>>> print(open('protein.tsv').read())   # TSV, C-alpha atoms and all ligand atoms
chain	number	residue	atom	x	y	z
A	832	MET	CA	0.11	28.01	-9.69
A	833	ALA	CA	-1.42	27.81	-6.20
A	834	GLN	CA	-4.61	29.72	-7.06
A	835	GLN	CA	-5.53	27.26	-9.82
A	836	ASN	CA	-5.88	24.30	-7.49
A	837	SER	CA	-9.42	23.54	-6.33
A	838	VAL	CA	-11.61	20.53	-5.63
A	839	SER	CA	-13.01	20.71	-9.17
A	840	ASN	CA	-9.53	21.32	-10.61
A	841	PRO	CA	-7.39	19.25	-8.28
A	842	CYS	CA	-3.66	19.00	-7.79
A	843	ILE	CA	-2.87	15.63	-6.22
A	844	LEU	CA	0.57	14.96	-4.79
A	845	ILE	CA	1.68	11.34	-4.27
A	846	THR	CA	4.67	10.15	-2.24
A	847	GLY	CA	6.19	6.75	-2.99
A	848	ALA	CA	4.72	7.12	-6.50
A	849	ASN	CA	7.17	4.69	-8.07
A	850	GLY	CA	6.36	1.84	-5.67
A	851	PHE	CA	4.02	-1.07	-6.35
A	852	VAL	CA	0.84	0.71	-5.25
A	853	GLY	CA	1.99	4.08	-6.59
A	854	ARG	CA	2.26	2.79	-10.14
A	855	TRP	CA	-1.33	1.45	-10.06
A	856	LEU	CA	-2.59	4.57	-8.31
A	857	ARG	CA	-1.14	6.88	-10.94
A	858	GLU	CA	-2.78	4.92	-13.70
A	859	GLU	CA	-6.16	4.98	-11.94
A	860	LEU	CA	-5.84	8.73	-11.32
A	861	GLN	CA	-4.92	9.39	-14.95
A	862	ASN	CA	-8.16	7.66	-15.95
A	863	ALA	CA	-10.33	9.35	-13.33
A	864	LEU	CA	-9.14	12.95	-13.34
A	865	PRO	CA	-10.32	15.75	-15.59
A	866	PRO	CA	-7.71	16.97	-18.14
A	867	SER	CA	-7.14	20.17	-16.15
A	868	ALA	CA	-6.09	18.26	-13.04
A	869	ARG	CA	-2.46	17.66	-12.08
A	870	ILE	CA	-0.68	14.74	-10.49
A	871	ILE	CA	2.62	15.50	-8.76
A	872	SER	CA	4.32	12.10	-8.53
A	873	THR	CA	7.19	12.17	-6.08
A	874	PHE	CA	9.69	9.35	-5.75
A	875	LYS	CA	12.90	8.76	-3.88
A	876	GLY	CA	15.16	8.64	-6.92
A	877	GLY	CA	18.23	6.53	-7.36
A	878	GLY	CA	17.73	6.42	-11.11
A	879	ASN	CA	15.15	3.63	-11.14
A	880	SER	CA	11.98	5.61	-11.69
A	881	ASP	CA	9.55	4.45	-14.34
A	882	ILE	CA	8.06	7.94	-14.29
A	883	THR	CA	9.78	8.93	-17.50
A	884	ARG	CA	6.78	9.82	-19.64
A	885	SER	CA	5.83	13.42	-19.24
A	886	GLN	CA	2.08	12.84	-19.16
A	887	ARG	CA	-0.29	15.66	-19.91
A	888	THR	CA	-1.38	15.79	-16.30
A	889	GLU	CA	1.64	14.34	-14.47
A	890	VAL	CA	4.81	15.91	-13.13
A	891	ALA	CA	7.56	13.68	-11.70
A	892	ILE	CA	9.76	15.00	-8.90
A	893	GLU	CA	12.50	13.40	-6.82
A	894	LEU	CA	11.74	13.76	-3.12
A	895	ASP	CA	13.23	12.00	-0.12
A	896	ILE	CA	10.66	12.40	2.65
A	897	GLU	CA	13.44	12.14	5.25
A	898	ASP	CA	14.65	15.55	4.00
A	899	GLU	CA	12.38	18.05	5.81
A	900	GLN	CA	13.61	21.03	3.84
A	901	ALA	CA	13.01	19.30	0.52
A	902	VAL	CA	9.50	18.32	1.68
A	903	ASP	CA	8.76	21.95	2.56
A	904	GLU	CA	10.07	23.15	-0.80
A	905	VAL	CA	7.91	20.73	-2.79
A	906	ILE	CA	4.74	21.37	-0.77
A	907	GLU	CA	5.25	25.14	-0.83
A	908	THR	CA	5.83	25.09	-4.59
A	909	TRP	CA	2.85	22.97	-5.55
A	910	ARG	CA	0.38	23.56	-2.69
A	911	PRO	CA	-1.61	20.45	-3.58
A	912	ASN	CA	-5.20	20.14	-2.45
A	913	VAL	CA	-4.83	16.39	-1.94
A	914	VAL	CA	-1.78	14.47	-0.69
A	915	ILE	CA	-1.72	10.68	-0.95
A	916	HIS	CA	1.10	9.47	1.27
A	917	LEU	CA	2.35	6.02	0.25
A	918	ALA	CA	6.12	6.32	0.80
A	919	ALA	CA	7.34	3.84	3.38
A	920	VAL	CA	9.62	1.00	4.28
A	921	SER	CA	6.86	-1.48	3.44
A	922	HIS	CA	8.29	-4.94	4.11
A	923	VAL	CA	7.91	-6.45	7.58
A	924	LEU	CA	11.24	-8.34	7.62
A	925	GLU	CA	13.20	-5.43	6.08
A	926	ALA	CA	11.76	-3.10	8.70
A	927	SER	CA	12.80	-5.43	11.52
A	928	ALA	CA	16.37	-5.41	10.18
A	929	SER	CA	16.52	-1.56	10.26
A	930	PRO	CA	14.34	-0.14	13.04
A	931	LYS	CA	15.86	3.37	13.06
A	932	GLN	CA	15.69	3.73	9.30
A	933	THR	CA	12.12	2.43	9.33
A	934	PHE	CA	11.04	5.03	11.89
A	935	ALA	CA	12.97	7.76	10.03
A	936	VAL	CA	10.88	7.10	6.92
A	937	ASN	CA	7.57	5.78	8.25
A	938	LEU	CA	7.14	8.10	11.23
A	939	ASN	CA	9.43	11.11	10.77
A	940	GLY	CA	8.69	11.30	7.03
A	941	THR	CA	4.96	11.35	7.78
A	942	ILE	CA	5.43	14.04	10.43
A	943	ALA	CA	7.48	16.19	8.03
A	944	LEU	CA	4.90	15.86	5.27
A	945	ALA	CA	1.86	16.52	7.47
A	946	CYS	CA	3.48	19.55	9.15
A	947	SER	CA	4.41	20.93	5.76
A	948	VAL	CA	0.85	20.49	4.50
A	949	ARG	CA	-0.49	22.30	7.55
A	950	LYS	CA	2.00	25.13	6.97
A	951	PHE	CA	1.59	25.69	3.23
A	952	CYS	CA	-1.81	24.26	2.23
A	953	PRO	CA	-3.83	23.84	5.45
A	954	THR	CA	-7.10	23.01	3.69
A	955	ALA	CA	-5.60	20.11	1.74
A	956	LEU	CA	-6.90	16.58	2.28
A	957	PHE	CA	-4.17	14.33	3.70
A	958	ILE	CA	-4.71	10.69	2.73
A	959	ASN	CA	-2.46	8.56	4.90
A	960	ILE	CA	-1.77	5.00	3.81
A	961	GLY	CA	-1.30	2.94	6.95
A	962	SER	CA	-1.63	-0.79	7.46
A	963	SER	CA	-3.79	-3.48	9.05
A	964	GLU	CA	-0.55	-4.54	10.74
A	965	VAL	CA	-1.28	-1.85	13.36
A	966	TYR	CA	-3.94	-4.12	14.96
A	967	GLY	CA	-1.30	-6.80	15.65
A	968	SER	CA	-2.14	-8.92	18.67
A	969	SER	CA	-5.73	-7.67	18.66
A	970	PHE	CA	-6.25	-10.39	16.02
A	971	ILE	CA	-5.38	-13.09	18.56
A	972	GLY	CA	-8.59	-14.80	19.61
A	973	ALA	CA	-10.66	-12.80	17.13
A	974	ASN	CA	-13.28	-14.91	15.38
A	975	ALA	CA	-14.69	-12.24	13.08
A	976	PRO	CA	-13.19	-9.51	10.87
A	977	LEU	CA	-11.99	-6.54	12.94
A	978	ASP	CA	-13.22	-2.99	12.42
A	979	GLU	CA	-11.56	0.42	12.88
A	980	GLU	CA	-12.45	0.62	16.60
A	981	THR	CA	-10.01	-2.22	17.33
A	982	LEU	CA	-7.14	-1.50	19.74
A	983	LEU	CA	-3.82	-0.80	18.02
A	984	ALA	CA	-1.42	-3.47	19.31
A	985	PRO	CA	1.51	-3.71	16.85
A	986	THR	CA	3.87	-6.67	17.17
A	987	ASN	CA	6.80	-5.74	14.91
A	988	VAL	CA	8.90	-2.71	13.91
A	989	TYR	CA	6.97	-2.06	10.68
A	990	ALA	CA	3.62	-2.22	12.46
A	991	THR	CA	4.79	0.00	15.32
A	992	SER	CA	6.13	2.65	12.94
A	993	LYS	CA	2.87	2.62	10.96
A	994	ALA	CA	0.79	2.81	14.15
A	995	ALA	CA	2.82	5.80	15.38
A	996	ALA	CA	2.34	7.62	12.06
A	997	ASP	CA	-1.37	6.78	12.03
A	998	LEU	CA	-1.79	8.14	15.56
A	999	PHE	CA	0.15	11.28	14.67
A	1000	ILE	CA	-2.20	12.01	11.75
A	1001	GLY	CA	-5.17	11.27	14.02
A	1002	GLN	CA	-3.91	13.82	16.52
A	1003	MET	CA	-3.39	16.41	13.76
A	1004	ALA	CA	-6.92	15.76	12.52
A	1005	LYS	CA	-8.17	16.86	15.94
A	1006	SER	CA	-6.43	20.18	15.40
A	1007	GLY	CA	-7.82	20.74	11.92
A	1008	LEU	CA	-5.90	18.60	9.39
A	1009	GLN	CA	-8.44	17.17	6.95
A	1010	SER	CA	-7.49	13.53	6.75
A	1011	VAL	CA	-8.39	9.99	5.87
A	1012	ARG	CA	-6.35	7.26	7.51
A	1013	PHE	CA	-6.60	4.14	5.38
A	1014	ARG	CA	-5.62	0.83	6.96
A	1015	PRO	CA	-5.32	-1.52	3.99
A	1016	PHE	CA	-5.04	-5.26	4.64
A	1017	ASN	CA	-2.81	-7.39	2.36
A	1018	HIS	CA	-3.00	-6.51	-1.31
A	1019	THR	CA	-1.31	-7.91	-4.37
A	1020	GLY	CA	-1.31	-7.73	-8.15
A	1021	PRO	CA	1.02	-7.54	-11.13
A	1022	GLY	CA	4.22	-5.64	-10.41
A	1023	GLN	CA	4.53	-6.38	-6.70
A	1024	ALA	CA	8.07	-7.19	-5.52
A	1025	GLU	CA	8.95	-10.83	-4.98
A	1026	ASN	CA	9.65	-10.42	-1.30
A	1027	PHE	CA	5.85	-10.38	-0.74
A	1028	VAL	CA	4.19	-13.74	-0.56
A	1029	VAL	CA	1.98	-14.01	-3.65
A	1030	SER	CA	4.61	-12.51	-5.93
A	1031	GLY	CA	7.29	-14.66	-4.30
A	1032	PHE	CA	5.38	-17.88	-5.02
A	1033	ALA	CA	4.34	-16.84	-8.54
A	1034	ALA	CA	7.84	-15.70	-9.54
A	1035	GLN	CA	9.31	-19.04	-8.46
A	1036	ILE	CA	6.66	-21.01	-10.36
A	1037	ALA	CA	7.32	-18.93	-13.50
A	1038	ARG	CA	11.08	-19.58	-13.22
A	1039	ILE	CA	10.53	-23.30	-12.70
A	1040	GLU	CA	8.25	-23.41	-15.77
A	1041	LYS	CA	11.05	-21.89	-17.86
A	1042	GLY	CA	13.72	-24.19	-16.42
A	1043	LEU	CA	15.47	-21.25	-14.73
A	1044	GLN	CA	15.13	-22.76	-11.24
A	1045	PRO	CA	15.12	-26.37	-9.97
A	1046	PRO	CA	11.52	-27.62	-9.38
A	1047	THR	CA	11.59	-26.66	-5.70
A	1048	ILE	CA	9.64	-23.74	-4.29
A	1049	LYS	CA	10.82	-22.00	-1.10
A	1050	VAL	CA	8.13	-20.96	1.35
A	1051	GLY	CA	7.66	-19.45	4.81
A	1052	ASN	CA	4.76	-19.98	7.21
A	1053	LEU	CA	1.98	-21.67	5.23
A	1054	GLU	CA	-0.41	-21.81	8.22
A	1055	ALA	CA	-0.81	-18.02	8.53
A	1056	ARG	CA	-4.17	-16.64	7.36
A	1057	ARG	CA	-4.30	-13.21	5.74
A	1058	ASP	CA	-7.01	-11.03	4.17
A	1059	PHE	CA	-6.11	-10.24	0.53
A	1060	THR	CA	-7.55	-7.73	-1.94
A	1061	ASP	CA	-6.48	-6.88	-5.49
A	1062	VAL	CA	-4.30	-3.74	-5.63
A	1063	ARG	CA	-6.61	-2.33	-8.33
A	1064	ASP	CA	-9.51	-2.41	-5.87
A	1065	ILE	CA	-7.34	-0.81	-3.18
A	1066	VAL	CA	-6.29	2.14	-5.37
A	1067	SER	CA	-9.87	2.69	-6.43
A	1068	ALA	CA	-10.69	3.50	-2.78
A	1069	TYR	CA	-7.76	5.95	-2.63
A	1070	VAL	CA	-8.98	7.68	-5.80
A	1071	THR	CA	-12.58	7.87	-4.57
A	1072	ALA	CA	-11.37	9.50	-1.35
A	1073	ALA	CA	-9.12	11.90	-3.27
A	1074	LEU	CA	-12.02	13.05	-5.45
A	1075	SER	CA	-14.54	13.34	-2.60
A	1076	PRO	CA	-15.48	16.66	-1.01
A	1077	PRO	CA	-13.03	16.96	1.93
A	1078	GLU	CA	-15.91	17.89	4.29
A	1079	ARG	CA	-16.93	14.24	4.09
A	1080	PHE	CA	-13.88	13.52	6.25
A	1081	ALA	CA	-14.36	16.34	8.78
A	1082	GLY	CA	-12.56	15.60	12.04
A	1083	GLY	CA	-10.57	12.78	10.43
A	1084	VAL	CA	-11.80	9.38	9.31
A	1085	ILE	CA	-10.24	5.91	9.60
A	1086	LEU	CA	-11.08	3.29	6.97
A	1087	ASN	CA	-10.09	-0.37	6.74
A	1088	LEU	CA	-9.77	-1.81	3.22
A	1089	SER	CA	-10.21	-5.57	3.20
A	1090	SER	CA	-12.14	-8.48	1.75
A	1091	GLY	CA	-13.30	-9.94	5.08
A	1092	THR	CA	-11.89	-13.37	4.14
A	1093	ALA	CA	-8.87	-14.85	5.92
A	1094	ARG	CA	-7.04	-17.00	3.36
A	1095	ARG	CA	-4.54	-19.66	4.45
A	1096	ILE	CA	-1.17	-18.94	2.79
A	1097	GLY	CA	-0.81	-22.67	2.00
A	1098	ASP	CA	-4.14	-22.56	0.11
A	1099	ILE	CA	-2.90	-19.60	-1.93
A	1100	LEU	CA	0.17	-21.64	-2.85
A	1101	GLU	CA	-2.05	-24.60	-3.83
A	1102	SER	CA	-4.19	-22.34	-6.06
A	1103	LEU	CA	-1.10	-21.00	-7.84
A	1104	LEU	CA	0.36	-24.49	-8.26
A	1105	ALA	CA	-2.96	-25.65	-9.75
A	1106	MET	CA	-2.53	-22.99	-12.47
A	1107	SER	CA	0.74	-24.61	-13.58
A	1108	GLN	CA	1.50	-27.91	-15.34
A	1109	VAL	CA	4.92	-28.48	-13.75
A	1110	LYS	CA	5.53	-30.76	-10.76
A	1111	ILE	CA	6.92	-28.71	-7.88
A	1112	GLN	CA	8.26	-29.71	-4.48
A	1113	ILE	CA	7.59	-27.38	-1.51
A	1114	VAL	CA	10.49	-26.62	0.85
A	1115	GLU	CA	10.42	-24.53	4.03
A	1116	ASP	CA	12.99	-21.72	4.01
A	1117	PRO	CA	14.00	-20.59	7.53
A	1118	ALA	CA	14.83	-17.11	6.15
A	1119	ARG	CA	11.16	-16.67	5.21
A	1120	MET	CA	9.88	-17.58	8.69
A	1121	ARG	CA	9.03	-14.80	11.14
A	1122	ALA	CA	10.00	-14.90	14.80
A	1123	SER	CA	6.45	-14.13	15.85
A	1124	GLU	CA	3.40	-13.31	13.85
A	1125	VAL	CA	-0.34	-13.49	14.36
A	1126	SER	CA	-1.95	-16.51	12.75
A	1127	TYR	CA	-5.29	-15.00	11.72
A	1128	VAL	CA	-5.97	-11.64	10.07
A	1129	ALA	CA	-9.29	-10.45	8.62
A	1130	GLY	CA	-10.82	-7.01	8.44
A	1131	SER	CA	-14.24	-5.47	8.12
A	1132	SER	CA	-14.44	-2.70	5.53
A	1133	ALA	CA	-18.14	-2.00	6.13
A	1134	LYS	CA	-17.29	1.62	6.96
A	1135	ALA	CA	-15.55	2.15	3.58
A	1136	GLY	CA	-18.67	0.60	2.04
A	1137	ARG	CA	-20.88	3.19	3.72
A	1138	LEU	CA	-18.66	6.23	3.23
A	1139	LEU	CA	-17.11	5.56	-0.18
A	1140	GLN	CA	-19.52	2.93	-1.57
A	1141	TRP	CA	-16.40	0.76	-1.80
A	1142	SER	CA	-16.14	-3.01	-1.90
A	1143	PRO	CA	-13.63	-5.30	-3.61
A	1144	GLN	CA	-14.71	-6.16	-7.17
A	1145	ILE	CA	-11.97	-8.36	-8.59
A	1146	PRO	CA	-12.33	-12.13	-7.96
A	1147	TRP	CA	-9.39	-13.65	-6.10
A	1148	GLU	CA	-8.71	-16.23	-8.83
A	1149	THR	CA	-8.38	-13.38	-11.36
A	1150	THR	CA	-5.88	-11.62	-9.12
A	1151	LEU	CA	-3.78	-14.76	-8.65
A	1152	ARG	CA	-3.76	-15.54	-12.37
A	1153	SER	CA	-2.74	-11.98	-13.23
A	1154	VAL	CA	0.20	-12.14	-10.83
A	1155	LEU	CA	1.34	-15.47	-12.26
A	1156	ASP	CA	0.96	-14.20	-15.84
A	1157	TYR	CA	2.93	-11.08	-14.93
A	1158	TRP	CA	5.83	-13.22	-13.74
A	1159	ARG	CA	5.57	-15.55	-16.75
A	1160	ALA	CA	6.08	-12.48	-18.93
A	1161	SER	CA	8.85	-11.05	-16.71
A	1162	VAL	CA	11.27	-13.86	-15.89
A	1201	LIG	O1	13.05	2.83	-1.52
A	1201	LIG	P1	12.47	2.98	-2.91
A	1201	LIG	O2	13.32	3.77	-3.85
A	1201	LIG	O3	11.95	1.68	-3.48
A	1201	LIG	O4	11.17	3.92	-2.74
A	1201	LIG	C1	10.10	3.52	-1.92
A	1201	LIG	C2	9.45	4.75	-1.30
A	1201	LIG	N1	10.28	5.29	-0.22
A	1201	LIG	C3	10.54	6.59	-0.09
A	1201	LIG	N2	10.12	7.66	-0.80
A	1201	LIG	C4	10.56	8.87	-0.41
A	1201	LIG	N3	11.41	9.05	0.60
A	1201	LIG	C5	11.86	8.02	1.34
A	1201	LIG	N4	12.72	8.22	2.34
A	1201	LIG	C6	11.43	6.71	1.01
A	1201	LIG	N5	11.67	5.47	1.49
A	1201	LIG	C7	10.96	4.61	0.74
A	1201	LIG	O5	8.18	4.29	-0.88
A	1201	LIG	C8	8.94	2.90	-2.68
A	1201	LIG	O6	8.87	3.38	-4.00
A	1201	LIG	C9	7.71	3.37	-1.88
A	1201	LIG	C10	6.98	2.23	-1.22
A	1201	LIG	O7	6.61	1.34	-2.24
A	1201	LIG	P2	6.57	-0.23	-2.01
A	1201	LIG	O8	7.72	-0.65	-1.16
A	1201	LIG	O9	6.44	-0.86	-3.36
A	1201	LIG	O10	5.27	-0.41	-1.16
A	1201	LIG	P3	3.75	-0.45	-1.63
A	1201	LIG	O11	3.31	-1.85	-1.63
A	1201	LIG	O12	3.58	0.36	-2.84
A	1201	LIG	O13	3.07	0.22	-0.37
A	1201	LIG	C11	2.46	1.51	-0.40
A	1201	LIG	C12	1.96	1.85	0.99
A	1201	LIG	C13	3.06	1.83	2.05
A	1201	LIG	O14	2.84	2.92	2.94
A	1201	LIG	C14	2.86	0.52	2.78
A	1201	LIG	O15	3.35	0.55	4.09
A	1201	LIG	C15	1.35	0.38	2.71
A	1201	LIG	O16	0.99	0.87	1.41
A	1201	LIG	O17	0.94	-0.96	2.81
A	1202	LIG	N1	6.95	-12.64	2.03
A	1202	LIG	C1	6.66	-13.94	2.24
A	1202	LIG	N2	7.36	-14.90	1.55
A	1202	LIG	N3	5.70	-14.25	3.14
A	1202	LIG	C2	5.43	-15.57	3.32
A	1202	LIG	C3	6.10	-16.60	2.63
A	1202	LIG	C4	7.12	-16.26	1.70
A	1202	LIG	O1	7.74	-17.09	1.06
A	1202	LIG	N4	5.57	-17.80	3.03
A	1202	LIG	C5	4.62	-17.51	3.92
A	1202	LIG	N5	4.52	-16.16	4.12
A	1202	LIG	C6	3.56	-15.47	5.00
A	1202	LIG	C7	4.14	-14.43	5.93
A	1202	LIG	O2	4.70	-15.06	7.09
A	1202	LIG	C8	2.87	-13.62	6.24
A	1202	LIG	O3	2.10	-14.27	7.23
A	1202	LIG	C9	2.09	-13.66	4.94
A	1202	LIG	O4	2.67	-14.73	4.16
A	1202	LIG	C10	2.10	-12.38	4.14
A	1202	LIG	O5	3.45	-11.91	4.04
A	1202	LIG	P1	3.83	-10.70	3.07
A	1202	LIG	O6	3.34	-10.94	1.71
A	1202	LIG	O7	5.32	-10.49	3.24
A	1202	LIG	O8	3.00	-9.46	3.63
A	1202	LIG	P2	2.79	-8.88	5.10
A	1202	LIG	O9	1.52	-9.41	5.63
A	1202	LIG	O10	4.01	-9.06	5.94
A	1202	LIG	O11	2.68	-7.29	4.83
A	1202	LIG	C11	1.99	-6.79	3.69
A	1202	LIG	O12	0.65	-6.46	4.05
A	1202	LIG	C12	0.50	-5.39	4.98
A	1202	LIG	C13	-1.00	-5.16	5.20
A	1202	LIG	O13	-1.51	-6.21	5.93
A	1202	LIG	C14	2.73	-5.57	3.18
A	1202	LIG	O14	2.21	-5.20	1.92
A	1202	LIG	C15	2.64	-4.40	4.13
A	1202	LIG	O15	3.25	-3.23	3.56
A	1202	LIG	C16	1.16	-4.14	4.41
A	1202	LIG	O16	1.01	-3.07	5.34
>>> encode(input="protein.tsv", output="structure tokens")
Amino acid sequence: MAQQNSVSNPCILITGANGFVGRWLREELQNALPPSARIISTFKGGGNSDITRSQRTEVAIELDIEDEQAVDEVIETWRPNVVIHLAAVSHVLEASASPKQTFAVNLNGTIALACSVRKFCPTALFINIGSSEVYGSSFIGANAPLDEETLLAPTNVYATSKAAADLFIGQMAKSGLQSVRFRPFNHTGPGQAENFVVSGFAAQIARIEKGLQPPTIKVGNLEARRDFTDVRDIVSAYVTAALSPPERFAGGVILNLSSGTARRIGDILESLLAMSQVKIQIVEDPARMRASEVSYVAGSSAKAGRLLQWSPQIPWETTLRSVLDYWRASV
């Protein structure tokens, strides 16, 4: 099995494959890969996987990345030549409620996976999915999109755990791990959970339209500005990296993925409301407010443009409409 894997005949292992991004990534990989390639989609289990189809090129495996021995077993068995590491506690408020659990998954899980890759398939490309949240308070006072040289200054548990994992992979890159550290800014699209802002607004509008919820929409901080990209554009960068010659990333590379535009959350809500005919009242929900958060976030992805010829392609209005339509079909 191990000898068959090569850059032209790749075996790509994904963690967190049943999450929001993982589902889009698998579809994009299925379209991009040659028939001889293999995707090893790993997911935490619990009986809720949608990875039920046994695709020609896809194998689905339960894997808890907190279990070091299980990680070793999977990596030793498959010896992938690319690992795309998505698995994480991904929600900022959930992470704050469980700091130890968040570090167990986001940091220790990343350490276990990277050490296993170094042990069993040391030439593999490790694609780490981090977060723009790592820049944290570096956004304060910024008046232009920030690049990858920006100081890491996380301001919450999620961001700190992602920064620690990002730094760990950076340190391993110095000792030979071939790696790309992506730092995606906010992304959304059909299928995202409702505890993220765009999905949360769209799901409520869809329920109100069907009379399943009173005509009142609950919101958090509408003054925050965030940099959004469609998830389909984000996964296209991951796929391009996965299919690139690993030498392109010699010494380790960091890449922001962003649109460069800071959108006010209140304006996003207005755009979604304008796509609906129903009259809706907006109500602040204290549970959706965050104790402290930076007010402006925007990133420069010029480096991803140079290295991967990547830039976002999907217009923001198209993204918003697709999320709303997804919820109209789901509620
Ligand atoms: O907890 P579950 O069953 O929903 O699974 C989540 C999975 N995950 C794990 N997988 C293996 N071992 C673990 N100990 C473990 N803990 C969590 O990671 C879920 O399927 C996946 C994350 O998916 P989402 O929460 O939908 O996040 P999304 O938006 O796909 O984010 C992908 C990456 C993450 O690294 C974010 O921090 C970054 O993009 O923004
Ligand atoms: N979730 C949510 N719900 N957020 C709201 C709401 C609401 O009703 N109202 C306003 N907001 C604001 C939040 O305060 C925040 O400023 C912004 O909307 C985006 O919140 P989320 O969608 O929850 O995303 P996030 O920015 O905390 O984190 C996401 O993006 C990161 C990359 O920048 C996640 O996908 C992370 O995993 C990812 O790393």
>>> closest_residue(input="protein.tsv", among="A:Glu964, A:Tyr1069, A:Ser1075, A:Glu1101", to="ligand LIG 1202 (chain A)", atoms="all atoms listed in the file")
A:Glu964
>>> closest_atom_pairs(input="protein.tsv", of="chain A", to="ligand LIG 1202 (chain A)", cutoff="6 Å", atoms="only C-alpha atoms and all ligand atoms", output="tab-separated table")
residue	atom	partner	partner_atom	distance
A:Ser921	CA	A:LIG1202	O15	4.0
A:His922	CA	A:LIG1202	O15	5.4
A:Val923	CA	A:LIG1202	O10	5.0
A:Ser962	CA	A:LIG1202	O16	4.1
A:Ser963	CA	A:LIG1202	O13	4.7
A:Glu964	CA	A:LIG1202	O13	5.2
A:Pro1015	CA	A:LIG1202	C13	5.8
A:Phe1016	CA	A:LIG1202	O13	3.9
A:Asn1017	CA	A:LIG1202	O12	4.0
A:Asn1026	CA	A:LIG1202	N1	4.8
A:Phe1027	CA	A:LIG1202	O6	3.6
A:Val1028	CA	A:LIG1202	O6	3.7
A:Gly1031	CA	A:LIG1202	N2	5.9
A:Val1050	CA	A:LIG1202	O1	3.9
A:Gly1051	CA	A:LIG1202	N4	3.2
A:Asn1052	CA	A:LIG1202	C5	4.1
A:Leu1053	CA	A:LIG1202	C5	5.1
A:Ala1055	CA	A:LIG1202	O3	4.9
A:Ile1096	CA	A:LIG1202	O4	5.9
A:Arg1119	CA	A:LIG1202	C4	5.4
A:Met1120	CA	A:LIG1202	O2	6.0
A:Arg1121	CA	A:LIG1202	O2	5.9
>>> closest_residue(input="protein.tsv", among="A:Thr933, A:Ser1089, A:Ser992, A:Ser1107", to="Ala1037 in chain A", atoms="only C-alpha atoms")
A:Ser1107
>>> residues_around(input="protein.tsv", residues="Tyr1127 in chain A", least_positions_apart="2", cutoff="9 Å", atoms="all atoms listed in the file", output="list of chain:residue names")
A:Phe970, A:Ile971, A:Gly972, A:Ala973, A:Asn974, A:Ala1055, A:Arg1056, A:Arg1057, A:Asp1058, A:Ala1093, A:Arg1094, A:Arg1095, A:Val1125, A:Ala1129
>>> residues_near_ligand(input="protein.tsv", ligand="ligand LIG 1201 (chain A)", cutoff="6 Å", atoms="only C-alpha atoms and all ligand atoms", output="JSON, numbers by chain")
{"A": [847, 849, 850, 851, 852, 853, 874, 875, 894, 895, 896, 897, 917, 918, 919, 920, 921, 936, 960, 961, 962]}
>>> residues_around(input="protein.tsv", residues="Ser1142 in chain A", least_positions_apart="3", cutoff="9 Å", atoms="all atoms listed in the file", output="mmCIF file with C-alpha atoms, keeping the file's coordinate frame")
data_model
loop_
_atom_site.group_PDB
_atom_site.id
_atom_site.type_symbol
_atom_site.label_atom_id
_atom_site.label_comp_id
_atom_site.auth_asym_id
_atom_site.auth_seq_id
_atom_site.Cartn_x
_atom_site.Cartn_y
_atom_site.Cartn_z
ATOM 1 C CA ASP A 1064 -9.510 -2.410 -5.870
ATOM 2 C CA ALA A 1068 -10.690 3.500 -2.780
ATOM 3 C CA LEU A 1088 -9.770 -1.810 3.220
ATOM 4 C CA SER A 1089 -10.210 -5.570 3.200
ATOM 5 C CA SER A 1090 -12.140 -8.480 1.750
ATOM 6 C CA SER A 1132 -14.440 -2.700 5.530
ATOM 7 C CA ALA A 1133 -18.140 -2.000 6.130
ATOM 8 C CA ALA A 1135 -15.550 2.150 3.580
ATOM 9 C CA GLY A 1136 -18.670 0.600 2.040
ATOM 10 C CA LEU A 1139 -17.110 5.560 -0.180
#
>>> atom_distance(input="protein.tsv", atom1="CA of Ser1131 in chain A", atom2="CA of Gly1091 in chain A")
5.5 Å
>>> closest_residue(input="protein.tsv", among="A:Ile942, A:Ala1034, A:Leu977, A:Ala1160", to="Lys1134 in chain A", atoms="all atoms listed in the file")
A:Leu977
>>> closest_residue(input="protein.tsv", among="A:Ser872, A:Thr1150, A:Gln861, A:Asn1087", to="Phe1013 in chain A", atoms="all atoms listed in the file")
A:Asn1087
>>> closest_atom_pairs(input="protein.tsv", of="range 929-1017 of chain A", to="range 906-916 of chain A", cutoff="7 Å", atoms="only C-alpha atoms", output="CSV")
residue,atom,partner,partner_atom,distance
A:Ser947,CA,A:Ile906,CA,6.6
A:Val948,CA,A:Ile906,CA,6.6
A:Phe951,CA,A:Glu907,CA,5.5
A:Cys952,CA,A:Arg910,CA,5.4
A:Ala955,CA,A:Asn912,CA,4.2
A:Leu956,CA,A:Val913,CA,4.7
A:Phe957,CA,A:Val914,CA,5.0
A:Ile958,CA,A:Ile915,CA,4.7
A:Asn959,CA,A:His916,CA,5.2
A:Ile960,CA,A:His916,CA,5.9
>>> atom_distance(input="protein.tsv", atom1="CA of Leu1100 in chain A", atom2="CA of Pro1117 in chain A")
17.3 Å
